[in-house]
>>> print(open('entry.json').read())   # JSON, C-alpha atoms
[["chain", "number", "residue", "atom", "x", "y", "z"],
["A", 195, "MET", "CA", -41.28, -103.21, -5.57],
["A", 196, "MET", "CA", -42.10, -99.60, -6.33],
["A", 197, "ARG", "CA", -41.20, -98.67, -2.78],
["A", 198, "ILE", "CA", -37.85, -100.39, -3.12],
["A", 199, "ALA", "CA", -37.13, -98.52, -6.32],
["A", 200, "ARG", "CA", -37.98, -95.21, -4.65],
["A", 201, "LEU", "CA", -35.70, -96.02, -1.75],
["A", 202, "LEU", "CA", -32.96, -97.27, -4.01],
["A", 203, "LEU", "CA", -32.66, -94.13, -6.09],
["A", 204, "PRO", "CA", -31.26, -91.84, -3.36],
["A", 205, "VAL", "CA", -29.05, -94.66, -2.12],
["A", 206, "VAL", "CA", -27.57, -95.17, -5.58],
["A", 207, "LEU", "CA", -27.06, -91.45, -5.99],
["A", 208, "LEU", "CA", -25.46, -91.23, -2.56],
["A", 209, "ILE", "CA", -22.99, -94.05, -2.98],
["A", 210, "THR", "CA", -21.93, -92.88, -6.42],
["A", 211, "ALA", "CA", -21.43, -89.27, -5.40],
["A", 212, "GLY", "CA", -17.95, -87.93, -5.01],
["A", 213, "CYS", "CA", -15.68, -84.98, -5.26],
["A", 214, "ALA", "CA", -12.41, -84.13, -6.94],
["A", 215, "GLN", "CA", -9.63, -81.68, -6.42],
["A", 216, "TYR", "CA", -6.41, -81.11, -8.26],
["A", 217, "GLU", "CA", -3.65, -78.61, -8.66],
["A", 218, "ASN", "CA", -1.13, -78.06, -11.37],
["A", 219, "ARG", "CA", 2.05, -76.02, -11.02],
["A", 220, "ARG", "CA", 4.37, -75.01, -13.84],
["A", 221, "GLY", "CA", 7.11, -72.47, -14.22],
["A", 222, "VAL", "CA", 9.88, -70.82, -12.31],
["A", 223, "GLU", "CA", 10.07, -70.17, -8.62],
["A", 224, "VAL", "CA", 8.37, -66.91, -7.65],
["A", 225, "GLY", "CA", 11.25, -64.81, -6.40],
["A", 226, "TRP", "CA", 9.80, -61.41, -7.35],
["A", 227, "THR", "CA", 8.42, -60.70, -3.91],
["A", 228, "ASP", "CA", 7.75, -57.19, -2.60],
["A", 229, "ASP", "CA", 10.94, -57.35, -0.57],
["A", 230, "TYR", "CA", 12.99, -58.18, -3.61],
["A", 231, "LEU", "CA", 11.34, -55.57, -5.81],
["A", 232, "LYS", "CA", 12.21, -52.88, -3.27],
["A", 233, "THR", "CA", 15.88, -53.59, -3.92],
["A", 234, "LEU", "CA", 15.57, -52.85, -7.64],
["A", 235, "GLN", "CA", 16.74, -49.48, -8.92],
["A", 236, "LEU", "CA", 16.02, -48.32, -12.44],
["A", 237, "GLY", "CA", 19.23, -47.30, -14.16],
["A", 238, "VAL", "CA", 21.34, -49.10, -11.59],
["A", 239, "THR", "CA", 20.35, -52.76, -11.21],
["A", 240, "THR", "CA", 21.90, -54.97, -13.86],
["A", 241, "ARG", "CA", 20.65, -58.00, -15.74],
["A", 242, "THR", "CA", 23.31, -60.09, -14.06],
["A", 243, "GLU", "CA", 21.98, -59.13, -10.65],
["A", 244, "VAL", "CA", 18.41, -59.97, -11.60],
["A", 245, "LEU", "CA", 19.47, -63.31, -13.05],
["A", 246, "LYS", "CA", 21.46, -64.07, -9.94],
["A", 247, "ALA", "CA", 18.52, -63.30, -7.70],
["A", 248, "LEU", "CA", 15.69, -64.89, -9.68],
["A", 249, "GLY", "CA", 17.49, -67.59, -11.65],
["A", 250, "PRO", "CA", 16.96, -68.49, -15.31],
["A", 251, "PRO", "CA", 13.82, -66.89, -16.72],
["A", 252, "SER", "CA", 10.97, -68.57, -18.56],
["A", 253, "GLN", "CA", 11.79, -66.60, -21.68],
["A", 254, "VAL", "CA", 14.41, -64.18, -23.00],
["A", 255, "ILE", "CA", 13.42, -61.74, -25.74],
["A", 256, "ALA", "CA", 16.07, -59.92, -27.75],
["A", 257, "LEU", "CA", 15.23, -56.33, -28.79],
["A", 258, "GLU", "CA", 18.10, -55.14, -31.00],
["A", 259, "GLY", "CA", 20.57, -54.70, -28.17],
["A", 260, "GLU", "CA", 18.01, -54.36, -25.44],
["A", 261, "SER", "CA", 16.58, -57.43, -23.80],
["A", 262, "ILE", "CA", 13.61, -58.64, -21.80],
["A", 263, "LEU", "CA", 13.57, -61.29, -19.11],
["A", 264, "TYR", "CA", 10.17, -62.84, -18.56],
["A", 265, "TYR", "CA", 9.38, -64.98, -15.52],
["A", 266, "LEU", "CA", 6.20, -67.05, -15.31],
["A", 267, "PHE", "CA", 4.72, -69.34, -12.72],
["A", 268, "GLU", "CA", 1.39, -70.83, -13.72],
["A", 269, "ARG", "CA", -0.90, -72.59, -11.30],
["A", 270, "SER", "CA", -4.27, -74.20, -11.82],
["A", 271, "ASP", "CA", -6.58, -75.22, -9.02],
["A", 272, "GLY", "CA", -9.53, -77.45, -9.78],
["A", 273, "GLN", "CA", -12.43, -78.46, -7.62],
["A", 274, "GLY", "CA", -15.35, -80.61, -8.57],
["A", 275, "ILE", "CA", -18.38, -82.44, -7.40],
["A", 276, "VAL", "CA", -19.62, -85.69, -8.88],
["A", 277, "LEU", "CA", -23.28, -86.32, -8.28],
["A", 278, "VAL", "CA", -23.77, -88.56, -11.31],
["A", 279, "LEU", "CA", -26.82, -86.64, -12.44],
["A", 280, "TYR", "CA", -24.93, -83.39, -12.24],
["A", 281, "ASN", "CA", -21.16, -83.06, -12.23],
["A", 282, "ARG", "CA", -19.22, -79.86, -12.12],
["A", 283, "MET", "CA", -15.54, -78.96, -12.28],
["A", 284, "GLN", "CA", -14.27, -75.46, -11.67],
["A", 285, "ILE", "CA", -10.69, -74.76, -12.71],
["A", 286, "ASP", "CA", -9.00, -71.46, -11.93],
["A", 287, "THR", "CA", -5.67, -70.69, -13.52],
["A", 288, "HIS", "CA", -3.49, -67.87, -12.22],
["A", 289, "TYR", "CA", -0.34, -66.46, -13.72],
["A", 290, "ASP", "CA", 2.31, -65.07, -11.40],
["A", 291, "ARG", "CA", 4.68, -63.19, -13.64],
["A", 292, "ALA", "CA", 7.37, -60.57, -13.87],
["A", 293, "ILE", "CA", 8.90, -58.73, -16.79],
["A", 294, "PHE", "CA", 12.22, -56.85, -16.74],
["A", 295, "PHE", "CA", 13.53, -54.57, -19.50],
["A", 296, "PHE", "CA", 17.27, -53.95, -19.88],
["A", 297, "ASP", "CA", 19.09, -51.46, -22.11],
["A", 298, "ASP", "CA", 22.09, -52.12, -24.36],
["A", 299, "ASP", "CA", 24.37, -52.10, -21.33],
["A", 300, "GLY", "CA", 22.29, -54.62, -19.44],
["A", 301, "VAL", "CA", 20.94, -52.05, -16.99],
["A", 302, "LEU", "CA", 17.34, -52.22, -15.78],
["A", 303, "THR", "CA", 15.05, -49.68, -17.45],
["A", 304, "ASP", "CA", 11.53, -50.93, -16.62],
["A", 305, "TYR", "CA", 9.90, -53.76, -14.80],
["A", 306, "SER", "CA", 6.52, -54.98, -13.67],
["A", 307, "SER", "CA", 5.33, -57.96, -11.68],
["A", 308, "ARG", "CA", 2.16, -59.61, -10.47],
["A", 309, "ILE", "CA", 1.53, -62.32, -7.94],
["A", 310, "ALA", "CA", -2.06, -63.50, -7.98],
["A", 311, "ALA", "CA", -4.13, -62.98, -4.86],
["A", 312, "ALA", "CA", -4.19, -66.58, -3.71],
["A", 313, "ASP", "CA", -0.48, -66.51, -2.96],
["A", 314, "ASN", "CA", -0.71, -63.29, -1.05],
["A", 315, "GLY", "CA", -3.44, -64.54, 1.18],
["B", 115, "MET", "CA", -53.95, -105.89, -10.02],
["B", 116, "ALA", "CA", -50.72, -107.83, -9.77],
["B", 117, "ASN", "CA", -49.91, -106.97, -13.36],
["B", 118, "ALA", "CA", -50.47, -103.28, -12.67],
["B", 119, "ASN", "CA", -48.08, -103.37, -9.73],
["B", 120, "ARG", "CA", -45.54, -105.22, -11.78],
["B", 121, "ALA", "CA", -45.81, -102.60, -14.51],
["B", 122, "LYS", "CA", -45.36, -99.82, -11.98],
["B", 123, "ALA", "CA", -42.31, -101.54, -10.53],
["B", 124, "ALA", "CA", -40.80, -102.01, -13.96],
["B", 125, "GLY", "CA", -41.45, -98.39, -14.71],
["B", 126, "GLY", "CA", -39.79, -97.37, -11.47],
["B", 127, "LEU", "CA", -36.73, -99.47, -12.20],
["B", 128, "ALA", "CA", -36.51, -98.07, -15.70],
["B", 129, "LEU", "CA", -36.67, -94.57, -14.25],
["B", 130, "LEU", "CA", -33.97, -95.46, -11.75],
["B", 131, "LEU", "CA", -31.78, -96.93, -14.46],
["B", 132, "ALA", "CA", -32.27, -93.94, -16.72],
["B", 133, "ALA", "CA", -31.44, -91.57, -13.90],
["B", 134, "ALA", "CA", -28.34, -93.51, -13.00],
["B", 135, "LEU", "CA", -27.08, -93.56, -16.56],
["B", 136, "THR", "CA", -27.87, -89.96, -17.36],
["B", 137, "GLY", "CA", -25.55, -87.19, -16.43],
["B", 138, "CYS", "CA", -24.87, -83.55, -16.99],
["B", 139, "THR", "CA", -21.24, -82.50, -16.72],
["B", 140, "GLN", "CA", -20.09, -78.94, -16.61],
["B", 141, "TRP", "CA", -16.49, -77.76, -16.84],
["B", 142, "HIS", "CA", -15.77, -74.17, -16.07],
["B", 143, "TYR", "CA", -12.37, -72.59, -16.62],
["B", 144, "ASP", "CA", -11.09, -69.19, -15.57],
["B", 145, "LEU", "CA", -7.80, -68.46, -17.33],
["B", 146, "GLY", "CA", -6.09, -65.44, -15.88],
["B", 147, "GLU", "CA", -7.63, -62.31, -14.44],
["B", 148, "PRO", "CA", -10.14, -59.92, -15.99],
["B", 149, "LEU", "CA", -8.49, -56.92, -17.60],
["B", 150, "PRO", "CA", -8.95, -53.60, -15.82],
["B", 151, "LEU", "CA", -11.64, -51.26, -17.13],
["B", 152, "GLU", "CA", -9.05, -48.88, -18.51],
["B", 153, "ALA", "CA", -7.60, -51.55, -20.80],
["B", 154, "GLU", "CA", -9.84, -50.55, -23.67],
["B", 155, "ALA", "CA", -8.81, -46.90, -23.40],
["B", 156, "LEU", "CA", -5.13, -47.81, -23.34],
["B", 157, "ALA", "CA", -5.40, -49.20, -26.85],
["B", 158, "SER", "CA", -5.82, -45.64, -28.11],
["B", 159, "SER", "CA", -3.35, -43.92, -25.78],
["B", 160, "ALA", "CA", -0.48, -43.59, -28.23],
["B", 161, "GLY", "CA", 2.65, -42.02, -26.81],
["B", 162, "MET", "CA", 2.27, -43.45, -23.31],
["B", 163, "ALA", "CA", 5.45, -44.86, -21.81],
["B", 164, "THR", "CA", 5.80, -48.60, -21.26],
["B", 165, "ARG", "CA", 6.42, -47.92, -17.60],
["B", 166, "ASP", "CA", 3.04, -46.19, -17.22],
["B", 167, "VAL", "CA", 1.21, -48.92, -19.09],
["B", 168, "LEU", "CA", 2.73, -51.64, -16.93],
["B", 169, "ALA", "CA", 1.93, -49.67, -13.78],
["B", 170, "ARG", "CA", -1.74, -49.58, -14.78],
["B", 171, "ILE", "CA", -2.39, -53.09, -15.99],
["B", 172, "GLY", "CA", 0.57, -55.14, -14.78],
["B", 173, "PRO", "CA", 2.87, -57.42, -16.74],
["B", 174, "PRO", "CA", 1.59, -58.96, -19.97],
["B", 175, "LEU", "CA", 1.03, -62.62, -20.68],
["B", 176, "ARG", "CA", 2.61, -62.51, -24.11],
["B", 177, "VAL", "CA", 5.69, -60.68, -25.32],
["B", 178, "SER", "CA", 7.48, -60.53, -28.63],
["B", 179, "ALA", "CA", 10.01, -58.42, -30.47],
["B", 180, "ILE", "CA", 8.91, -56.92, -33.78],
["B", 181, "PRO", "CA", 10.90, -54.81, -36.25],
["B", 182, "GLU", "CA", 9.49, -51.55, -34.85],
["B", 183, "GLY", "CA", 10.03, -52.49, -31.21],
["B", 184, "TYR", "CA", 7.91, -54.99, -29.34],
["B", 185, "VAL", "CA", 4.35, -56.09, -28.65],
["B", 186, "LEU", "CA", 2.78, -56.94, -25.32],
["B", 187, "GLY", "CA", -0.41, -58.96, -25.00],
["B", 188, "TRP", "CA", -2.91, -59.50, -22.21],
["B", 189, "GLU", "CA", -5.70, -62.07, -22.22],
["B", 190, "PHE", "CA", -8.51, -63.26, -20.02],
["B", 191, "TRP", "CA", -10.69, -66.24, -20.88],
["B", 192, "GLN", "CA", -13.68, -67.87, -19.28],
["B", 193, "LEU", "CA", -14.71, -71.15, -20.77],
["B", 194, "THR", "CA", -17.80, -73.18, -19.97],
["B", 195, "GLN", "CA", -18.22, -76.64, -21.38],
["B", 196, "ASN", "CA", -21.53, -78.44, -20.90],
["B", 197, "THR", "CA", -22.14, -82.06, -21.73],
["B", 198, "LEU", "CA", -25.37, -83.94, -21.34],
["B", 199, "GLY", "CA", -25.38, -87.63, -21.94],
["B", 200, "PHE", "CA", -26.66, -91.05, -21.13],
["B", 201, "SER", "CA", -23.43, -92.01, -19.52],
["B", 202, "LEU", "CA", -21.39, -92.00, -16.40],
["B", 203, "GLY", "CA", -18.65, -90.21, -18.25],
["B", 204, "VAL", "CA", -17.17, -88.46, -15.28],
["B", 205, "LEU", "CA", -16.76, -91.84, -13.58],
["B", 206, "GLY", "CA", -15.21, -93.36, -16.67],
["B", 207, "VAL", "CA", -18.14, -95.65, -17.37],
["B", 208, "ASP", "CA", -19.85, -94.83, -20.65],
["B", 209, "VAL", "CA", -22.43, -97.54, -21.07],
["B", 210, "LEU", "CA", -25.05, -95.80, -23.12],
["B", 211, "SER", "CA", -23.26, -93.17, -24.97],
["B", 212, "PHE", "CA", -25.54, -90.53, -26.33],
["B", 213, "ASP", "CA", -23.94, -87.17, -25.76],
["B", 214, "ILE", "CA", -24.75, -83.56, -26.51],
["B", 215, "GLY", "CA", -22.21, -80.89, -25.73],
["B", 216, "ARG", "CA", -21.26, -77.33, -26.35],
["B", 217, "ALA", "CA", -18.64, -74.87, -25.19],
["B", 218, "ASP", "CA", -18.88, -71.12, -24.78],
["B", 219, "THR", "CA", -16.25, -68.54, -24.00],
["B", 220, "THR", "CA", -16.02, -65.01, -22.77],
["B", 221, "ASN", "CA", -12.72, -63.41, -23.50],
["B", 222, "GLU", "CA", -10.89, -60.12, -23.43],
["B", 223, "THR", "CA", -7.71, -59.41, -25.32],
["B", 224, "LEU", "CA", -5.46, -56.37, -25.34],
["B", 225, "LEU", "CA", -2.53, -56.05, -27.70],
["B", 226, "LEU", "CA", -0.21, -53.04, -27.47],
["B", 227, "THR", "CA", 2.66, -52.16, -29.77],
["B", 228, "PHE", "CA", 5.65, -50.15, -28.54],
["B", 229, "ASP", "CA", 8.54, -48.54, -30.37],
["B", 230, "ARG", "CA", 12.22, -48.80, -29.47],
["B", 231, "GLU", "CA", 11.90, -45.69, -27.32],
["B", 232, "HIS", "CA", 9.38, -47.60, -25.17],
["B", 233, "ARG", "CA", 6.48, -45.47, -26.29],
["B", 234, "LEU", "CA", 3.07, -46.86, -27.13],
["B", 235, "LEU", "CA", 2.46, -46.82, -30.87],
["B", 236, "GLY", "CA", -1.04, -48.23, -30.80],
["B", 237, "GLY", "CA", -3.08, -51.17, -29.83],
["B", 238, "SER", "CA", -6.25, -53.13, -30.03],
["B", 239, "TRP", "CA", -8.72, -54.34, -27.45],
["B", 240, "HIS", "CA", -11.67, -56.60, -27.87],
["B", 241, "GLY", "CA", -14.02, -58.46, -25.62],
["B", 242, "ARG", "CA", -16.59, -60.91, -26.79],
["B", 243, "GLU", "CA", -18.71, -63.90, -26.00],
["B", 244, "ASP", "CA", -18.56, -66.75, -28.39],
["B", 245, "ARG", "CA", -19.67, -70.29, -28.96],
["B", 246, "VAL", "CA", -16.51, -72.25, -29.68],
["B", 247, "GLY", "CA", -17.85, -75.68, -30.39],
["B", 248, "GLY", "CA", -20.43, -78.33, -29.84],
["B", 249, "GLY", "CA", -21.79, -81.55, -31.15],
["B", 250, "GLN", "CA", -23.85, -84.66, -30.65],
["B", 251, "SER", "CA", -22.90, -88.29, -30.73],
["B", 252, "VAL", "CA", -24.35, -91.75, -30.38],
["B", 253, "GLN", "CA", -21.58, -94.22, -29.69],
["B", 254, "PRO", "CA", -21.78, -97.87, -28.67],
["B", 255, "PHE", "CA", -20.52, -98.79, -25.22],
["B", 256, "ILE", "CA", -17.66, -96.32, -25.01],
["B", 257, "ALA", "CA", -17.63, -92.63, -25.93],
["B", 258, "LEU", "CA", -14.42, -92.60, -27.96],
["B", 259, "VAL", "CA", -15.05, -89.30, -29.68],
["B", 260, "PRO", "CA", -15.51, -86.20, -27.54],
["B", 261, "VAL", "CA", -18.25, -83.91, -28.76],
["B", 262, "VAL", "CA", -16.41, -80.77, -27.67],
["B", 263, "ASP", "CA", -12.70, -80.09, -27.99],
["B", 264, "VAL", "CA", -11.29, -77.14, -26.07],
["B", 265, "ASP", "CA", -7.69, -78.26, -25.57],
["B", 266, "ASP", "CA", -6.35, -75.46, -27.73],
["B", 267, "ILE", "CA", -7.97, -72.92, -25.41],
["B", 268, "THR", "CA", -6.97, -74.43, -22.09],
["B", 269, "ARG", "CA", -3.36, -75.25, -22.89],
["B", 270, "ARG", "CA", -0.50, -73.75, -20.87],
["B", 271, "LEU", "CA", 1.19, -70.51, -21.88],
["B", 272, "PRO", "CA", 4.02, -70.95, -24.40],
["B", 273, "GLN", "CA", 6.74, -69.49, -22.19],
["B", 274, "HIS", "CA", 7.04, -72.87, -20.47],
["B", 275, "ASP", "CA", 8.14, -74.44, -23.73],
["B", 276, "TRP", "CA", 10.48, -71.69, -24.86],
["B", 277, "GLY", "CA", 13.74, -73.53, -24.19],
["B", 278, "ARG", "CA", 12.43, -76.74, -25.67],
["B", 279, "ALA", "CA", 11.46, -75.28, -29.01],
["B", 280, "ALA", "CA", 14.78, -76.14, -30.65],
["B", 281, "LEU", "CA", 14.20, -79.82, -29.93],
["B", 282, "GLU", "CA", 10.89, -80.03, -31.79],
["B", 283, "PRO", "CA", 10.59, -82.21, -34.91],
["B", 284, "LEU", "CA", 12.16, -80.66, -38.01],
["B", 285, "PRO", "CA", 9.26, -78.89, -39.69],
["B", 286, "ILE", "CA", 8.40, -77.24, -36.38],
["B", 287, "GLY", "CA", 12.00, -76.58, -35.30],
["B", 288, "LEU", "CA", 12.92, -74.98, -38.62],
["B", 289, "ASN", "CA", 10.00, -72.61, -38.25],
["B", 290, "ARG", "CA", 11.05, -71.58, -34.75],
["B", 291, "MET", "CA", 11.86, -67.95, -35.53],
["B", 292, "GLN", "CA", 8.49, -67.44, -37.19],
["B", 293, "ARG", "CA", 6.45, -69.00, -34.43],
["B", 294, "PRO", "CA", 4.25, -66.57, -32.52],
["B", 295, "ASP", "CA", 5.07, -68.18, -29.19],
["B", 296, "GLN", "CA", 8.84, -67.76, -29.13],
["B", 297, "GLY", "CA", 9.16, -64.07, -28.42],
["B", 298, "GLN", "CA", 10.68, -63.07, -31.76],
["B", 299, "GLY", "CA", 7.93, -63.63, -34.30],
["B", 300, "GLY", "CA", 4.94, -61.80, -32.88],
["B", 301, "VAL", "CA", 2.25, -63.11, -30.58],
["B", 302, "SER", "CA", -1.04, -64.89, -31.01],
["B", 303, "GLN", "CA", -4.08, -65.46, -28.85],
["B", 304, "ARG", "CA", -5.24, -68.77, -27.55],
["B", 305, "ALA", "CA", -7.06, -71.03, -30.00],
["B", 306, "VAL", "CA", -5.42, -69.64, -33.14],
["B", 307, "PRO", "CA", -5.28, -72.42, -35.77],
["B", 308, "THR", "CA", -1.77, -73.61, -36.64],
["B", 309, "GLY", "CA", -2.62, -74.77, -40.14],
["B", 310, "VAL", "CA", -2.48, -71.30, -41.63],
["B", 311, "GLY", "CA", -0.31, -68.23, -41.25],
["B", 312, "GLN", "CA", 3.08, -68.25, -39.55],
["B", 313, "GLN", "CA", 2.85, -71.89, -38.51],
["B", 314, "SER", "CA", 1.57, -73.41, -41.73],
["B", 315, "LEU", "CA", 5.09, -74.65, -42.62],
["B", 316, "GLU", "CA", 5.11, -76.78, -39.50],
["B", 317, "LEU", "CA", 2.75, -79.19, -41.29],
["B", 318, "ARG", "CA", 0.81, -80.04, -38.15]]
>>> encode(input="entry.json", output="structure tokens")
Amino acid sequence: MMRIARLLLPVVLLITAGCAQYENRRGVEVGWTDDYLKTLQLGVTTRTEVLKALGPPSQVIALEGESILYYLFERSDGQGIVLVLYNRMQIDTHYDRAIFFFDDDGVLTDYSSRIAAADNG
Amino acid sequence: MANANRAKAAGGLALLLAAALTGCTQWHYDLGEPLPLEAEALASSAGMATRDVLARIGPPLRVSAIPEGYVLGWEFWQLTQNTLGFSLGVLGVDVLSFDIGRADTTNETLLLTFDREHRLLGGSWHGREDRVGGGQSVQPFIALVPVVDVDDITRRLPQHDWGRAALEPLPIGLNRMQRPDQGQGGVSQRAVPTGVGQQSLELR
């Protein structure tokens, strides 16, 4: 009986082991690629042109005449192991984002963008 | 002799059962990217142009207009949630439900304020490790009450809900301009309670 119990333990652990993986995507399409950013010119590019190229932003912030367009794409990748005795989930969330500043005339004054490494790879 | 063997077998089965019903579950979250080393120094670099700040540390995660100009915020969080229990919680089978859990965070936050001329007025940086919750429970059959709640830390950034804010229930919708997640009423970090401050009128 004892021998059966000893044999049964790893079998039980084996058949109840598993793994999990998930991904979650939210936000706007990432259009702020290097190629696109090279076309931007401070003092020349207009808000209309940025909106036309990138589409509606995640957020618009009004600054007393000036304005900010904020684009965000959020992605979470989760991986996990289920060993019954020990279970672990690792969830990494990355934020691809771009921010564009426009003056009173709707002309680009500053911008910055980031696309997390996983997308570049 | 037979009784001794039977006792050993019973002990073995009990051990097997205990092992099968006991579990340790660990959730680990990385939210964003660590801030660059120079982030702390930037907080005291008044006069720097927005353009230079963005070139050094990239676009912020939070943005809001303020009367003097605007604020930009950067955050990085690591959250570890550990739960030990007599359960198969991760499989959805909580037979014996005795749970112990706790959650710890490591976070960095940088908040910079700029004037209308796009010059840095000042800022604040802090990094810390913190215990954000924990608890124990003994619950029959099903673990209905989680011993650690970290939903307010792991939730999505507010920009995704920006356009939807006007459709919130009245107390929340009426407070829209004061909310720190709408880009016009300041910014707030993750895990800030909504029952006090700018969102207290939302009656959540």
>>> interface_residues(input="entry.json", of="chain A", to="chain B", cutoff="7 Å", atoms="all atoms listed in the file", output="tab-separated table (two decimals) with C-alpha atoms, in the frame of the given file")
chain	number	residue	atom	x	y	z
A	195	MET	CA	-41.28	-103.21	-5.57
A	196	MET	CA	-42.10	-99.60	-6.33
A	199	ALA	CA	-37.13	-98.52	-6.32
A	203	LEU	CA	-32.66	-94.13	-6.09
A	221	GLY	CA	7.11	-72.47	-14.22
A	252	SER	CA	10.97	-68.57	-18.56
A	253	GLN	CA	11.79	-66.60	-21.68
A	255	ILE	CA	13.42	-61.74	-25.74
A	256	ALA	CA	16.07	-59.92	-27.75
A	257	LEU	CA	15.23	-56.33	-28.79
A	278	VAL	CA	-23.77	-88.56	-11.31
A	279	LEU	CA	-26.82	-86.64	-12.44
A	280	TYR	CA	-24.93	-83.39	-12.24
A	281	ASN	CA	-21.16	-83.06	-12.23
A	282	ARG	CA	-19.22	-79.86	-12.12
A	283	MET	CA	-15.54	-78.96	-12.28
A	284	GLN	CA	-14.27	-75.46	-11.67
A	285	ILE	CA	-10.69	-74.76	-12.71
A	286	ASP	CA	-9.00	-71.46	-11.93
A	287	THR	CA	-5.67	-70.69	-13.52
A	288	HIS	CA	-3.49	-67.87	-12.22
A	289	TYR	CA	-0.34	-66.46	-13.72
A	291	ARG	CA	4.68	-63.19	-13.64
A	292	ALA	CA	7.37	-60.57	-13.87
A	293	ILE	CA	8.90	-58.73	-16.79
A	304	ASP	CA	11.53	-50.93	-16.62
A	306	SER	CA	6.52	-54.98	-13.67
A	307	SER	CA	5.33	-57.96	-11.68
A	308	ARG	CA	2.16	-59.61	-10.47
>>> atom_distance(input="entry.json", atom1="atom CA of Glu189 of chain B", atom2="atom CA of Leu224 of chain B")
6.5 Å
>>> residues_near_point(input="entry.json", point="(18.3, -55.5, -8.4)", cutoff="12 Å", atoms="all atoms listed in the file", output="number ranges by chain")
A: 225-226, 229-248, 294, 296, 300-305
>>> atom_distance(input="entry.json", atom1="atom CA of Gln215 of chain A", atom2="atom CA of Ile214 of chain B")
25.2 Å
>>> atom_distance(input="entry.json", atom1="atom CA of Glu222 of chain B", atom2="atom CA of Pro148 of chain B")
7.5 Å
>>> closest_residue(input="entry.json", among="A:Cys213, A:Leu202, A:Leu208, A:Ala310", to="Arg269 of chain A", atoms="all atoms listed in the file")
A:Ala310
>>> residues_near_point(input="entry.json", point="(-17.2, -77.0, -33.8)", cutoff="8 Å", atoms="all atoms listed in the file", output="tab-separated table (two decimals) with C-alpha atoms, in the frame of the given file")
chain	number	residue	atom	x	y	z
B	246	VAL	CA	-16.51	-72.25	-29.68
B	247	GLY	CA	-17.85	-75.68	-30.39
B	248	GLY	CA	-20.43	-78.33	-29.84
B	249	GLY	CA	-21.79	-81.55	-31.15
B	262	VAL	CA	-16.41	-80.77	-27.67
B	263	ASP	CA	-12.70	-80.09	-27.99
>>> axis_aligned_box(input="entry.json", around="segment 176-189 of chain B", padding_each_side="6 Å", output="JSON")
{"center_x": 2.6, "center_y": -57.0, "center_z": -29.2, "size_x": 28.6, "size_y": 23.0, "size_z": 26.0}
>>> closest_residue(input="entry.json", among="B:Phe212, B:Ile267, B:Met162, B:Glu243", to="Ser302 of chain B", atoms="all atoms listed in the file")
B:Ile267
